[in-house]
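**Q** Please find query-v1.txt (compact mmCIF, C-alpha atoms and all ligand atoms) on the next line:
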# COMPACT_ATOMS: atom_id res chain seq x y z
CA MET A 1 0.00 0.00 0.00
CA VAL A 2 1.28 3.43 -0.90
CA LYS A 3 1.43 5.63 2.15
CA ASN A 4 0.81 9.36 2.04
CA TYR A 5 3.47 11.50 3.57
CA THR A 6 1.84 11.94 6.97
CA ASP A 7 1.61 8.12 7.27
CA ILE A 8 5.25 7.83 6.23
CA LEU A 9 6.22 10.34 8.89
CA SER A 10 4.29 8.69 11.69
CA TYR A 11 5.58 5.17 10.86
CA ASP A 12 9.08 6.64 10.64
CA GLN A 13 8.80 8.29 14.06
CA GLU A 14 7.50 5.09 15.61
CA HIS A 15 9.98 2.60 14.11
CA LEU A 16 13.05 4.10 12.46
CA TRP A 17 16.25 5.20 14.11
CA HIS A 18 17.80 8.27 12.52
CA PRO A 19 21.41 9.38 13.09
CA TYR A 20 21.92 10.30 16.73
CA THR A 21 18.26 10.62 17.65
CA SER A 22 15.93 9.48 20.39
CA MET A 23 13.18 6.91 19.84
CA THR A 24 11.02 8.41 22.61
CA ASN A 25 11.52 12.07 21.77
CA PRO A 26 12.34 12.08 18.04
CA LEU A 27 12.85 15.33 16.18
CA PRO A 28 10.58 15.81 13.19
CA SER A 29 11.85 14.55 9.80
CA TYR A 30 10.96 15.76 6.33
CA VAL A 31 9.93 13.35 3.56
CA VAL A 32 11.94 13.70 0.34
CA GLU A 33 10.06 12.72 -2.79
CA ASP A 34 12.48 13.75 -5.48
CA ALA A 35 15.84 15.42 -5.81
CA GLU A 36 17.45 17.11 -8.77
CA GLY A 37 20.54 19.30 -9.01
CA VAL A 38 20.81 21.22 -5.73
CA TYR A 39 17.08 20.87 -5.00
CA LEU A 40 15.22 18.55 -2.66
CA GLN A 41 11.51 18.18 -3.37
CA LEU A 42 9.67 17.58 -0.11
CA ALA A 43 6.40 15.64 -0.01
CA SER A 44 4.91 18.52 1.94
CA GLY A 45 5.33 20.70 -1.16
CA GLU A 46 8.46 22.76 -0.51
CA ARG A 47 11.35 22.68 -2.99
CA ILE A 48 14.45 23.51 -0.99
CA ILE A 49 18.12 24.13 -1.80
CA ASP A 50 20.49 21.62 -0.20
CA GLY A 51 23.29 23.37 1.67
CA MET A 52 24.74 20.14 3.14
CA SER A 53 25.46 18.01 0.04
CA SER A 54 23.92 15.22 2.14
CA TRP A 55 26.88 15.45 4.52
CA TRP A 56 29.74 16.40 2.18
CA SER A 57 28.97 13.78 -0.42
CA VAL A 58 26.64 14.96 -3.23
CA VAL A 59 29.19 17.26 -4.90
CA HIS A 60 27.67 17.11 -8.41
CA GLY A 61 24.06 17.45 -7.24
CA TYR A 62 21.23 14.92 -7.27
CA ASN A 63 19.96 12.86 -10.18
CA HIS A 64 22.93 13.71 -12.37
CA PRO A 65 22.52 12.36 -15.93
CA VAL A 66 26.19 11.33 -16.27
CA LEU A 67 26.23 9.44 -12.97
CA ASN A 68 22.82 7.88 -13.71
CA THR A 69 24.00 6.66 -17.11
CA ALA A 70 27.24 5.19 -15.74
CA MET A 71 25.39 3.28 -13.05
CA LYS A 72 22.67 2.02 -15.38
CA ALA A 73 25.34 0.72 -17.75
CA GLN A 74 26.99 -1.18 -14.88
CA ILE A 75 23.64 -2.56 -13.64
CA ASP A 76 23.08 -4.07 -17.08
CA LYS A 77 26.41 -5.94 -16.78
CA PHE A 78 26.47 -6.92 -13.09
CA SER A 79 25.80 -5.02 -9.89
CA HIS A 80 27.90 -7.10 -7.57
CA VAL A 81 30.34 -9.95 -7.51
CA MET A 82 32.50 -11.19 -4.64
CA PHE A 83 36.02 -9.74 -4.51
CA GLY A 84 37.66 -12.88 -3.12
CA GLY A 85 39.41 -14.44 -6.08
CA LEU A 86 37.52 -12.28 -8.60
CA THR A 87 38.16 -8.78 -9.91
CA HIS A 88 36.65 -6.37 -12.45
CA SER A 89 37.44 -3.29 -14.44
CA PRO A 90 35.37 -0.78 -12.37
CA ALA A 91 37.55 -1.56 -9.32
CA VAL A 92 40.81 -1.53 -11.26
CA GLU A 93 39.93 1.73 -12.98
CA LEU A 94 39.05 3.29 -9.64
CA ALA A 95 42.31 2.17 -8.03
CA GLU A 96 44.28 3.68 -10.91
CA LYS A 97 42.39 6.98 -10.67
CA LEU A 98 42.85 7.20 -6.89
CA ILE A 99 46.56 6.40 -7.06
CA ASN A 100 47.03 9.11 -9.70
CA LEU A 101 45.01 11.78 -7.90
CA THR A 102 46.12 11.32 -4.28
CA PRO A 103 49.37 12.60 -2.73
CA GLU A 104 52.59 10.91 -3.84
CA GLY A 105 53.51 7.44 -2.60
CA LEU A 106 50.05 5.99 -1.93
CA ASN A 107 50.11 3.03 -4.31
CA LYS A 108 47.98 0.35 -2.68
CA VAL A 109 44.19 0.57 -2.40
CA PHE A 110 41.75 -1.20 -0.08
CA LEU A 111 38.10 -0.65 -1.07
CA ALA A 112 35.85 -0.47 1.98
CA ASP A 113 32.09 -0.09 2.45
CA SER A 114 31.85 3.13 4.44
CA GLY A 115 33.98 5.83 6.01
CA SER A 116 34.00 4.17 9.42
CA VAL A 117 35.14 0.89 7.89
CA ALA A 118 37.91 2.70 5.98
CA VAL A 119 39.10 4.01 9.35
CA GLU A 120 38.94 0.53 10.91
CA VAL A 121 41.01 -0.74 7.98
CA ALA A 122 43.57 2.05 8.42
CA ILE A 123 43.92 1.25 12.13
CA LYS A 124 44.35 -2.48 11.46
CA MET A 125 46.97 -1.66 8.84
CA ALA A 126 48.94 0.45 11.32
CA ILE A 127 48.85 -2.26 13.99
CA GLN A 128 49.73 -5.09 11.59
CA TYR A 129 52.57 -2.94 10.21
CA GLN A 130 54.14 -2.39 13.62
CA HIS A 131 53.61 -6.04 14.53
CA SER A 132 55.41 -7.10 11.34
CA LYS A 133 58.30 -4.82 12.27
CA ASN A 134 58.60 -6.73 15.52
CA LYS A 135 57.17 -3.88 17.56
CA PRO A 136 53.95 -5.48 18.89
CA SER A 137 53.83 -3.04 21.81
CA LYS A 138 53.21 -0.20 19.34
CA ASN A 139 49.49 -1.03 19.28
CA LYS A 140 47.72 2.16 20.37
CA LEU A 141 46.81 5.30 18.50
CA LEU A 142 47.56 8.93 19.02
CA THR A 143 45.10 11.57 17.89
CA ILE A 144 44.04 15.14 18.59
CA LYS A 145 40.98 16.25 20.55
CA ASN A 146 37.85 17.47 18.72
CA GLY A 147 38.32 14.83 16.04
CA TYR A 148 35.66 12.72 14.37
CA HIS A 149 36.47 9.44 12.61
CA GLY A 150 33.21 7.49 12.53
CA ASP A 151 30.88 5.43 14.68
CA THR A 152 32.34 1.90 14.80
CA PHE A 153 34.33 1.01 17.92
CA ALA A 154 37.90 1.52 16.76
CA ALA A 155 36.87 4.72 14.97
CA MET A 156 35.04 5.87 18.13
CA SER A 157 38.16 5.27 20.18
CA VAL A 158 39.86 8.13 18.33
CA CYS A 159 36.86 10.50 18.29
CA ASP A 160 36.86 13.32 20.82
CA PRO A 161 36.38 11.60 24.21
CA VAL A 162 33.84 14.18 25.44
CA ASN A 163 31.74 14.52 22.25
CA GLY A 164 32.01 10.75 21.74
CA MET A 165 30.91 10.02 25.35
CA HIS A 166 33.73 7.53 25.85
CA GLN A 167 32.84 7.09 29.53
CA LEU A 168 29.57 5.44 28.40
CA PHE A 169 31.53 2.71 26.62
CA SER A 170 34.47 2.42 29.00
CA GLY A 171 35.76 -1.12 29.35
CA PHE A 172 34.78 -1.81 25.76
CA ILE A 173 36.37 1.06 23.90
CA THR A 174 40.16 1.04 23.56
CA GLU A 175 41.96 3.79 25.44
CA ASN A 176 44.21 5.79 23.15
CA TYR A 177 46.40 8.88 23.49
CA PHE A 178 44.96 12.36 22.94
CA ALA A 179 46.93 15.54 22.30
CA ASP A 180 45.41 19.02 22.42
CA ALA A 181 43.59 20.12 19.30
CA PRO A 182 45.39 22.80 17.30
CA LYS A 183 44.06 26.29 18.10
CA ILE A 184 45.81 28.42 15.50
CA GLY A 185 43.48 28.99 12.57
CA PHE A 186 44.22 28.33 8.92
CA ASP A 187 45.38 31.90 8.14
CA GLU A 188 46.65 32.88 11.59
CA THR A 189 50.25 33.38 12.63
CA TRP A 190 52.03 30.13 13.37
CA HIS A 191 53.81 29.39 16.65
CA GLU A 192 55.93 26.27 17.08
CA SER A 193 54.48 25.83 20.62
CA GLU A 194 51.24 24.67 18.98
CA LEU A 195 52.92 21.25 18.61
CA ASP A 196 53.99 20.95 22.28
CA SER A 197 51.15 18.72 23.46
CA LEU A 198 51.67 16.34 20.54
CA LYS A 199 55.45 16.33 21.08
CA ASN A 200 54.98 15.47 24.75
CA GLN A 201 52.64 12.59 23.97
CA LEU A 202 55.09 11.20 21.43
CA ALA A 203 58.13 11.62 23.66
CA ASP A 204 56.38 9.87 26.57
CA ASN A 205 54.45 7.15 24.74
CA HIS A 206 55.95 6.52 21.29
CA GLN A 207 56.88 2.95 22.19
CA HIS A 208 53.13 2.26 22.47
CA ILE A 209 51.96 4.26 19.45
CA ALA A 210 51.37 2.64 16.06
CA ALA A 211 50.01 5.69 14.29
CA LEU A 212 48.83 9.26 14.57
CA ILE A 213 45.37 9.63 13.05
CA LEU A 214 43.81 13.00 12.29
CA GLU A 215 41.62 14.94 9.90
CA PRO A 216 43.99 17.15 7.90
CA ILE A 217 43.27 20.94 8.12
CA VAL A 218 39.49 20.64 8.70
CA GLN A 219 38.17 19.10 11.90
CA GLY A 220 34.65 18.28 10.69
CA ALA A 221 31.94 16.82 12.89
CA GLY A 222 34.10 17.56 15.98
CA GLY A 223 33.73 21.34 15.64
CA MET A 224 34.14 22.51 12.02
CA ARG A 225 37.52 24.08 12.75
CA PHE A 226 40.21 24.93 10.19
CA TYR A 227 43.74 24.69 11.54
CA ASN A 228 47.13 25.88 10.35
CA PRO A 229 48.90 23.78 7.68
CA GLU A 230 52.16 24.16 9.68
CA PHE A 231 50.59 21.92 12.30
CA LEU A 232 50.07 19.17 9.77
CA ALA A 233 53.60 19.59 8.41
CA GLY A 234 54.88 19.31 12.00
CA CYS A 235 52.88 16.11 12.51
CA ARG A 236 54.52 14.55 9.46
CA GLU A 237 58.00 15.33 10.82
CA LEU A 238 57.24 14.07 14.30
CA CYS A 239 55.78 10.83 12.98
CA ASP A 240 58.96 10.16 11.01
CA GLN A 241 61.09 10.97 14.03
CA TYR A 242 59.25 8.48 16.28
CA ASP A 243 58.53 5.70 13.76
CA VAL A 244 54.82 6.36 14.00
CA LEU A 245 52.62 6.09 10.89
CA LEU A 246 50.55 9.08 9.83
CA ILE A 247 46.91 8.30 8.96
CA ALA A 248 45.11 11.15 7.19
CA ASP A 249 41.34 10.86 7.43
CA GLU A 250 40.18 12.79 4.35
CA ILE A 251 36.73 11.24 4.32
CA ALA A 252 35.18 14.73 4.62
CA THR A 253 37.91 16.88 3.06
CA GLY A 254 38.79 14.69 0.06
CA PHE A 255 37.93 15.60 -3.54
CA GLY A 256 38.24 19.37 -3.47
CA ARG A 257 36.07 20.48 -0.57
CA SER A 258 38.82 22.46 1.24
CA GLY A 259 40.09 24.19 -1.92
CA LYS A 260 42.76 21.54 -2.63
CA LEU A 261 41.93 18.16 -4.10
CA PHE A 262 43.13 16.68 -0.79
CA ALA A 263 43.62 18.76 2.36
CA CYS A 264 47.12 17.24 2.86
CA GLU A 265 48.19 19.36 -0.11
CA HIS A 266 47.78 22.54 1.99
CA ALA A 267 50.88 21.34 3.89
CA ASN A 268 52.52 19.54 0.97
CA ILE A 269 52.69 16.25 2.81
CA SER A 270 51.86 12.63 2.04
CA PRO A 271 50.46 10.45 4.79
CA ASP A 272 51.40 6.76 5.11
CA ILE A 273 47.72 5.81 5.07
CA LEU A 274 44.83 7.81 3.61
CA CYS A 275 41.09 7.30 4.23
CA LEU A 276 38.56 8.44 1.62
CA GLY A 277 34.77 8.22 1.52
CA LYS A 278 31.77 10.54 1.39
CA ALA A 279 32.16 12.39 -1.98
CA LEU A 280 33.96 9.42 -3.56
CA THR A 281 30.82 8.28 -5.43
CA GLY A 282 29.40 11.79 -5.79
CA GLY A 283 27.13 10.78 -2.93
CA TYR A 284 25.35 8.07 -4.93
CA LEU A 285 26.30 4.98 -2.95
CA THR A 286 28.30 4.09 0.08
CA LEU A 287 31.92 3.39 -0.82
CA ALA A 288 35.20 4.25 0.84
CA ALA A 289 38.87 3.54 0.28
CA THR A 290 42.00 3.21 2.38
CA LEU A 291 45.24 3.83 0.50
CA CYS A 292 48.70 3.08 1.83
CA THR A 293 52.32 3.22 0.76
CA ASP A 294 54.24 0.29 -0.72
CA THR A 295 56.28 0.14 2.49
CA VAL A 296 53.20 -0.27 4.68
CA ALA A 297 51.63 -2.85 2.34
CA ASN A 298 54.81 -4.87 1.86
CA THR A 299 55.68 -4.90 5.55
CA ILE A 300 52.19 -6.13 6.47
CA SER A 301 52.38 -8.82 3.79
CA GLU A 302 55.67 -10.13 5.15
CA GLY A 303 54.44 -10.27 8.76
CA GLU A 304 53.16 -13.11 10.89
CA ALA A 305 49.69 -13.28 9.28
CA GLY A 306 51.16 -13.05 5.78
CA VAL A 307 48.01 -11.25 4.66
CA PHE A 308 46.04 -8.15 5.57
CA MET A 309 43.25 -9.28 7.91
CA HIS A 310 40.14 -7.69 6.42
CA GLY A 311 37.65 -8.56 3.65
CA PRO A 312 34.08 -7.33 3.68
CA THR A 313 31.30 -9.10 1.73
CA PHE A 314 30.61 -6.10 -0.48
CA MET A 315 34.26 -5.17 -0.98
CA GLY A 316 34.86 -3.35 -4.27
CA ASN A 317 31.16 -3.31 -5.19
CA PRO A 318 31.18 -2.77 -8.99
CA LEU A 319 28.12 -0.51 -9.03
CA ALA A 320 29.63 1.80 -6.42
CA CYS A 321 32.99 1.74 -8.25
CA ALA A 322 31.22 2.70 -11.51
CA ALA A 323 29.59 5.66 -9.75
CA ALA A 324 32.95 6.67 -8.27
CA ASN A 325 34.71 6.49 -11.64
CA ALA A 326 32.06 8.68 -13.26
CA SER A 327 32.11 11.10 -10.33
CA LEU A 328 35.91 11.50 -10.45
CA GLU A 329 35.75 12.19 -14.19
CA LEU A 330 33.02 14.78 -13.65
CA LEU A 331 35.08 16.48 -10.98
CA ILE A 332 37.82 17.11 -13.52
CA GLU A 333 35.49 17.93 -16.45
CA ASN A 334 33.55 20.41 -14.33
CA ASN A 335 36.80 22.06 -13.23
CA TRP A 336 36.22 21.56 -9.49
CA GLN A 337 38.96 24.08 -8.73
CA SER A 338 37.07 27.01 -10.19
CA GLN A 339 33.75 25.71 -8.84
CA VAL A 340 35.20 25.61 -5.32
CA SER A 341 37.07 28.92 -5.53
CA ASP A 342 33.94 30.71 -6.83
CA ILE A 343 31.95 29.28 -3.91
CA GLU A 344 34.72 30.29 -1.50
CA SER A 345 34.75 33.92 -2.72
CA GLN A 346 30.99 34.20 -2.51
CA LEU A 347 30.86 32.58 0.95
CA LYS A 348 33.50 35.03 2.17
CA ALA A 349 31.63 38.03 0.75
CA GLU A 350 28.24 36.98 2.09
CA LEU A 351 28.99 35.18 5.38
CA LEU A 352 32.00 36.98 6.89
CA PRO A 353 29.98 40.22 7.51
CA LEU A 354 27.63 38.22 9.78
CA ILE A 355 30.28 38.47 12.50
CA SER A 356 28.55 41.75 13.44
CA SER A 357 25.33 39.90 14.42
CA LYS A 358 24.69 39.89 18.18
CA ASN A 359 24.24 36.10 18.24
CA VAL A 360 27.43 35.25 16.31
CA GLU A 361 30.74 34.31 17.91
CA ASN A 362 32.83 33.51 14.82
CA VAL A 363 32.51 33.08 11.05
CA ARG A 364 34.97 31.09 8.95
CA VAL A 365 35.22 29.99 5.35
CA LEU A 366 37.60 27.54 3.68
CA GLY A 367 37.06 26.20 0.17
CA ALA A 368 33.41 25.30 -0.23
CA ILE A 369 32.76 25.22 3.54
CA GLY A 370 31.09 28.11 5.37
CA VAL A 371 30.71 28.03 9.15
CA ILE A 372 28.89 30.34 11.53
CA GLU A 373 29.68 29.61 15.16
CA ALA A 374 26.86 31.06 17.24
CA LYS A 375 27.15 32.22 20.84
CA TYR A 376 24.39 29.81 21.86
CA PRO A 377 23.39 26.26 20.93
CA VAL A 378 20.57 26.06 18.40
CA ASN A 379 17.10 24.72 19.08
CA MET A 380 17.11 22.05 16.37
CA ALA A 381 13.36 21.66 15.88
CA VAL A 382 12.79 25.41 15.63
CA ILE A 383 15.78 26.24 13.43
CA GLN A 384 15.22 23.32 11.06
CA LYS A 385 11.60 24.35 10.45
CA ARG A 386 12.63 27.97 9.93
CA PHE A 387 15.27 27.03 7.34
CA VAL A 388 12.74 24.92 5.41
CA GLU A 389 10.34 27.88 5.45
CA LEU A 390 13.15 29.97 3.99
CA GLY A 391 13.56 27.41 1.18
CA VAL A 392 16.87 25.84 2.21
CA TRP A 393 18.23 22.69 3.85
CA VAL A 394 20.79 23.51 6.51
CA ARG A 395 21.37 21.13 9.38
CA PRO A 396 23.20 22.74 12.30
CA PHE A 397 24.65 21.00 15.34
CA GLY A 398 25.39 22.52 18.72
CA LYS A 399 26.44 26.13 18.12
CA LEU A 400 27.43 25.50 14.53
CA ILE A 401 25.36 26.62 11.56
CA TYR A 402 27.33 25.59 8.51
CA ILE A 403 27.04 24.73 4.84
CA MET A 404 29.06 22.74 2.32
CA PRO A 405 26.93 23.05 -0.81
CA PRO A 406 27.17 20.91 -3.95
CA PHE A 407 29.96 22.23 -6.23
CA VAL A 408 27.38 22.76 -9.01
CA ILE A 409 25.43 25.38 -7.06
CA SER A 410 24.81 28.63 -8.97
CA PRO A 411 25.57 32.07 -7.48
CA ASP A 412 21.83 32.80 -7.14
CA GLU A 413 21.17 29.52 -5.36
CA LEU A 414 24.12 30.06 -3.03
CA TYR A 415 22.84 33.57 -2.33
CA LYS A 416 19.53 32.06 -1.21
CA LEU A 417 21.43 29.86 1.24
CA THR A 418 23.56 32.64 2.69
CA THR A 419 20.64 35.08 2.99
CA ALA A 420 18.67 32.40 4.84
CA MET A 421 21.63 32.00 7.22
CA ALA A 422 21.86 35.78 7.67
CA LYS A 423 18.15 35.98 8.56
CA ILE A 424 18.33 33.03 10.94
CA VAL A 425 21.24 34.25 13.03
CA ASP A 426 19.31 37.39 13.93
CA CYS A 427 16.34 35.39 15.26
CA ASP A 428 16.56 34.96 19.02
CA ASP A 429 14.05 32.11 19.14
CA VAL A 430 16.21 29.66 17.15
CA PHE A 431 18.76 29.53 19.97
CA ASN A 432 18.62 27.99 23.43
CA LYS A 433 19.78 31.07 25.31
C1 LIG A 501 31.85 10.97 7.99
C2 LIG A 501 33.22 10.73 8.47
C3 LIG A 501 33.65 9.44 8.84
C4 LIG A 501 32.71 8.24 8.87
O1 LIG A 501 32.20 7.93 7.63
P1 LIG A 501 30.84 7.03 7.55
O2 LIG A 501 30.65 6.83 6.08
O3 LIG A 501 29.77 7.89 8.18
O4 LIG A 501 31.07 5.79 8.28
C5 LIG A 501 34.96 9.28 9.23
N1 LIG A 501 35.82 10.31 9.24
C6 LIG A 501 35.44 11.57 8.89
C7 LIG A 501 36.46 12.67 8.90
C8 LIG A 501 34.13 11.81 8.50
O5 LIG A 501 33.76 13.06 8.17
Represent the structure from my file as C-alpha cells, please.
**A**
Amino acid sequence: MVKNYTDILSYDQEHLWHPYTSMTNPLPSYVVEDAEGVYLQLASGERIIDGMSSWWSVVHGYNHPVLNTAMKAQIDKFSHVMFGGLTHSPAVELAEKLINLTPEGLNKVFLADSGSVAVEVAIKMAIQYQHSKNKPSKNKLLTIKNGYHGDTFAAMSVCDPVNGMHQLFSGFITENYFADAPKIGFDETWHESELDSLKNQLADNHQHIAALILEPIVQGAGGMRFYNPEFLAGCRELCDQYDVLLIADEIATGFGRSGKLFACEHANISPDILCLGKALTGGYLTLAATLCTDTVANTISEGEAGVFMHGPTFMGNPLACAAANASLELLIENNWQSQVSDIESQLKAELLPLISSKNVENVRVLGAIGVIEAKYPVNMAVIQKRFVELGVWVRPFGKLIYIMPPFVISPDELYKLTTAMAKIVDCDDVFNK
C-alpha cells in the first residue's frame, strides 16, 4: 500500500532510528520525494536548496545524468560480484584513478564499504605494520581532541572523548592517546608551541603508538575548525622521528572540498595511510577507500599473518565503483577548482559580515565550507523548520550553523542559502539562550 506523507512520517517516528536521535523524543523529519541538481523536493510541497550536500557527499548534485548513465550501464552488466578471487574493471579503474590523484607514494588501495570501515582498515593496517616490524607493543593510537572518525568502535576510540561520550563505553572502547587540538586557525600566525602537546605525547608514549590519526586541516563533525597547515607539516616530521605512521582521514575533506583536491596538499605532505569516503561516489552509494604506501603494504604482507586481515562481503562493489569512476571524471570535467574557488569567494563576501550579528561568535570559510559559530546552541526543531520555510536545507549541530553546498550550485542559489543563514542568526528564538 502506498502511504501518504503523513503516514510515512508517523511510521518513521514510531519505528526508524535516525542518526543520533531518540526513539522516545524524536525530532521531526521531512519526507523527500524527489531530488534534482541542488534541489530537494519535499512531499509537503516545498522545494528547498540543499546546503549540506547530504553530509559532504553529493558534490555534483542529485539525479545527475552522467552518474545515472554510468550506473545504469553497470547494472546491465552486473551489480555485484565477490572480490575474493575475482576482480573487475570498475575496481581496477578506480584504483588507478585514486593512485594518480592522491598525494605521492600511496600506491595500494583497499576498497571499503563506508567511512568508518575505511578508518577501521587504516587502524588495522597500522597495527599489523608495527607487529610485522617486531614492535607489537606499538598497538595504540595517538590523535588530537575534537576529532571525528566514525561510529564503529575503533573509529570511536579516536573521536573526541567528550563529544564521543567515551565514559559510556568504557571497558569496551580502547583507550588511546589524545593531544590538544590545534588552536591556531588556517590563516593565523604560526607558533611552534602549537605542537607541544603532541610532542609530549610522542616523547612519553611513542613505544606504544602505532600511528597518529587525524583529519587534515578541517576538523569536521568535531567542531568545524580549520587549523594551520604548519601543524600538519609538524605532525609529518614528528611521525617520522618516532617511527609512528601518519593516517590522514580525508573522508570529509577529500575531492576538493577544502580548496585543494586533498587537504594534505595545503601542507605539501603525504600520509602513510589515507582514508577516503563521502564524496567518492558523488554521494550516490556508500563506498570508501583506504590507501597506503608500498612500504606499509609490503611490511604487512611479510608479517606473521602473511596477509592483511580484512575482507568485507561487499568489498569493491562494482556498481559503487562505476559511480565513483564517473564522479571523479566529472570532478575534472567540471573544473572543481574554479567551482570551489567561486563558492569560497561568494561565501566570504556573504557570510563573513555576519560576524557583526549579536548572536554570532565567529565566522569562517575555507574552500566550499562556510561556518557560523553562534554564541548559543541552536534549538534544532525550531531552526530546522525555519530554514525549510526559507527554502533551504541547513542542518546545524550545537552552536554550529554551517554549509558545504554541492559544487554545481549557482551564485543565485548560493545567495539564497547565505541570505537564509543571515536571517536566521538574527532570530533569538532559534537559539537555546
Ligand atoms: C563521515 C566521516 C567518517 C565516517 O564515515 P561514515 O561513512 O559515516 O562511516 C569518518 N571520518 C570523517 C572525517 C568523516 O567526516
**Q** When you look at range 215-218 of chain A with a cut-off of 6 Å (counting all atoms listed in the file), what residues show up, excluding the ones that are within fewer than 5 positions of it in the same chain? I need them as a VMD selection string.
**A** chain A and resid 225 to 227 248 to 249 263 to 264
**Q** Can you work out the spacing between CA of Met380 in chain A and CA of Asp426 in chain A in Å, to one decimal?
**A**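 Distance between the two atoms: 15.7 Å.
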**Q** Within 9 Å of ligand LIG 501 (chain A) (counting all atoms listed in the file), which residues show up? I'd like them as an MDAnalysis selection string.
**A** chainID A and resid 55:56 113:119 147:152 155 214:216 218:222 248:253 275:278 286:288
**Q** Go ahead and save the picked residues with C-alpha atoms, as a PDB file, in the frame of the given file.
**A**
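Result saved to out20.pdb:
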ATOM      1  CA  TRP A  55      26.880  15.450   4.520  1.00  0.00           C
ATOM      2  CA  TRP A  56      29.740  16.400   2.180  1.00  0.00           C
ATOM      3  CA  ASP A 113      32.090  -0.090   2.450  1.00  0.00           C
ATOM      4  CA  SER A 114      31.850   3.130   4.440  1.00  0.00           C
ATOM      5  CA  GLY A 115      33.980   5.830   6.010  1.00  0.00           C
ATOM      6  CA  SER A 116      34.000   4.170   9.420  1.00  0.00           C
ATOM      7  CA  VAL A 117      35.140   0.890   7.890  1.00  0.00           C
ATOM      8  CA  ALA A 118      37.910   2.700   5.980  1.00  0.00           C
ATOM      9  CA  VAL A 119      39.100   4.010   9.350  1.00  0.00           C
ATOM     10  CA  GLY A 147      38.320  14.830  16.040  1.00  0.00           C
ATOM     11  CA  TYR A 148      35.660  12.720  14.370  1.00  0.00           C
ATOM     12  CA  HIS A 149      36.470   9.440  12.610  1.00  0.00           C
ATOM     13  CA  GLY A 150      33.210   7.490  12.530  1.00  0.00           C
ATOM     14  CA  ASP A 151      30.880   5.430  14.680  1.00  0.00           C
ATOM     15  CA  THR A 152      32.340   1.900  14.800  1.00  0.00           C
ATOM     16  CA  ALA A 155      36.870   4.720  14.970  1.00  0.00           C
ATOM     17  CA  LEU A 214      43.810  13.000  12.290  1.00  0.00           C
ATOM     18  CA  GLU A 215      41.620  14.940   9.900  1.00  0.00           C
ATOM     19  CA  PRO A 216      43.990  17.150   7.900  1.00  0.00           C
ATOM     20  CA  VAL A 218      39.490  20.640   8.700  1.00  0.00           C
ATOM     21  CA  GLN A 219      38.170  19.100  11.900  1.00  0.00           C
ATOM     22  CA  GLY A 220      34.650  18.280  10.690  1.00  0.00           C
ATOM     23  CA  ALA A 221      31.940  16.820  12.890  1.00  0.00           C
ATOM     24  CA  GLY A 222      34.100  17.560  15.980  1.00  0.00           C
ATOM     25  CA  ALA A 248      45.110  11.150   7.190  1.00  0.00           C
ATOM     26  CA  ASP A 249      41.340  10.860   7.430  1.00  0.00           C
ATOM     27  CA  GLU A 250      40.180  12.790   4.350  1.00  0.00           C
ATOM     28  CA  ILE A 251      36.730  11.240   4.320  1.00  0.00           C
ATOM     29  CA  ALA A 252      35.180  14.730   4.620  1.00  0.00           C
ATOM     30  CA  THR A 253      37.910  16.880   3.060  1.00  0.00           C
ATOM     31  CA  CYS A 275      41.090   7.300   4.230  1.00  0.00           C
ATOM     32  CA  LEU A 276      38.560   8.440   1.620  1.00  0.00           C
ATOM     33  CA  GLY A 277      34.770   8.220   1.520  1.00  0.00           C
ATOM     34  CA  LYS A 278      31.770  10.540   1.390  1.00  0.00           C
ATOM     35  CA  THR A 286      28.300   4.090   0.080  1.00  0.00           C
ATOM     36  CA  LEU A 287      31.920   3.390  -0.820  1.00  0.00           C
ATOM     37  CA  ALA A 288      35.200   4.250   0.840  1.00  0.00           C
TER      38      ALA A 288
END
**Q** Excluding Gln207 in chain A and any residue of its chain fewer than 5 positions from it, enumerate the residues within 10 Å of it, using all atoms listed in the file, and give them as a list in words.
**A** Lys135, Pro136, Ser137, Lys138, Asn139, Lys140, Leu202, Tyr242, Asp243 and Val244 of chain A
**Q** Excluding same-chain residues fewer than 2 positions from range 126-129 of chain A, what lies within 7 Å of it counting all atoms listed in the file, as JSON, numbers by chain?
**A** {"A": [122, 123, 124, 131, 132, 133, 139, 210, 211, 245, 296, 299, 300]}
**Q** Which residue, A:Leu101, A:Phe78, A:Val121, A:Ile383, has the smallest gap to Gly311 in chain A when you use all atoms listed in the file?
**A**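 Under the stated criterion, the closest residue is A:Val121.
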**Q** Which residues come within 12 Å of Ser170 in chain A, counting all atoms listed in the file, excluding same-chain residues fewer than 4 positions away, as a list in words?
**A**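 The filter keeps Phe153, Met156, Ser157, Pro161, Gly164, Met165, His166, Thr174, Glu175 and Asn176 of chain A.
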**Q** What separation in Å, quoted to one decimal, exists between CA of Lys77 in chain A and CA of Ala322 in chain A?
**A**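 About the pair CA of Lys77 in chain A and CA of Ala322 in chain A: they are 11.2 Å apart.
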**Q** Counting all atoms listed in the file, what is within 10 Å of Cys292 in chain A, bar same-chain residues fewer than 4 positions away, as a PyMOL selection string?
**A** chain A and resi 99+105-110+122+125-126+247+271-275+296-297
**Q** List the residues sitting within 7 Å of (30.2, 24.7, 18.9) in the file's frame, using all atoms listed in the file, as a list in words.
**A**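 All residues meeting the 7 Å criterion around (30.2, 24.7, 18.9) are Gly223, Glu373, Gly398, Lys399 and Leu400 of chain A.
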**Q** Counting all atoms listed in the file, which residue out of A:Ala323, A:Val408, A:Cys239, A:Val388 sits closest to His60 in chain A?
**A**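 Selected residue with least distance to His60 in chain A: A:Val408.
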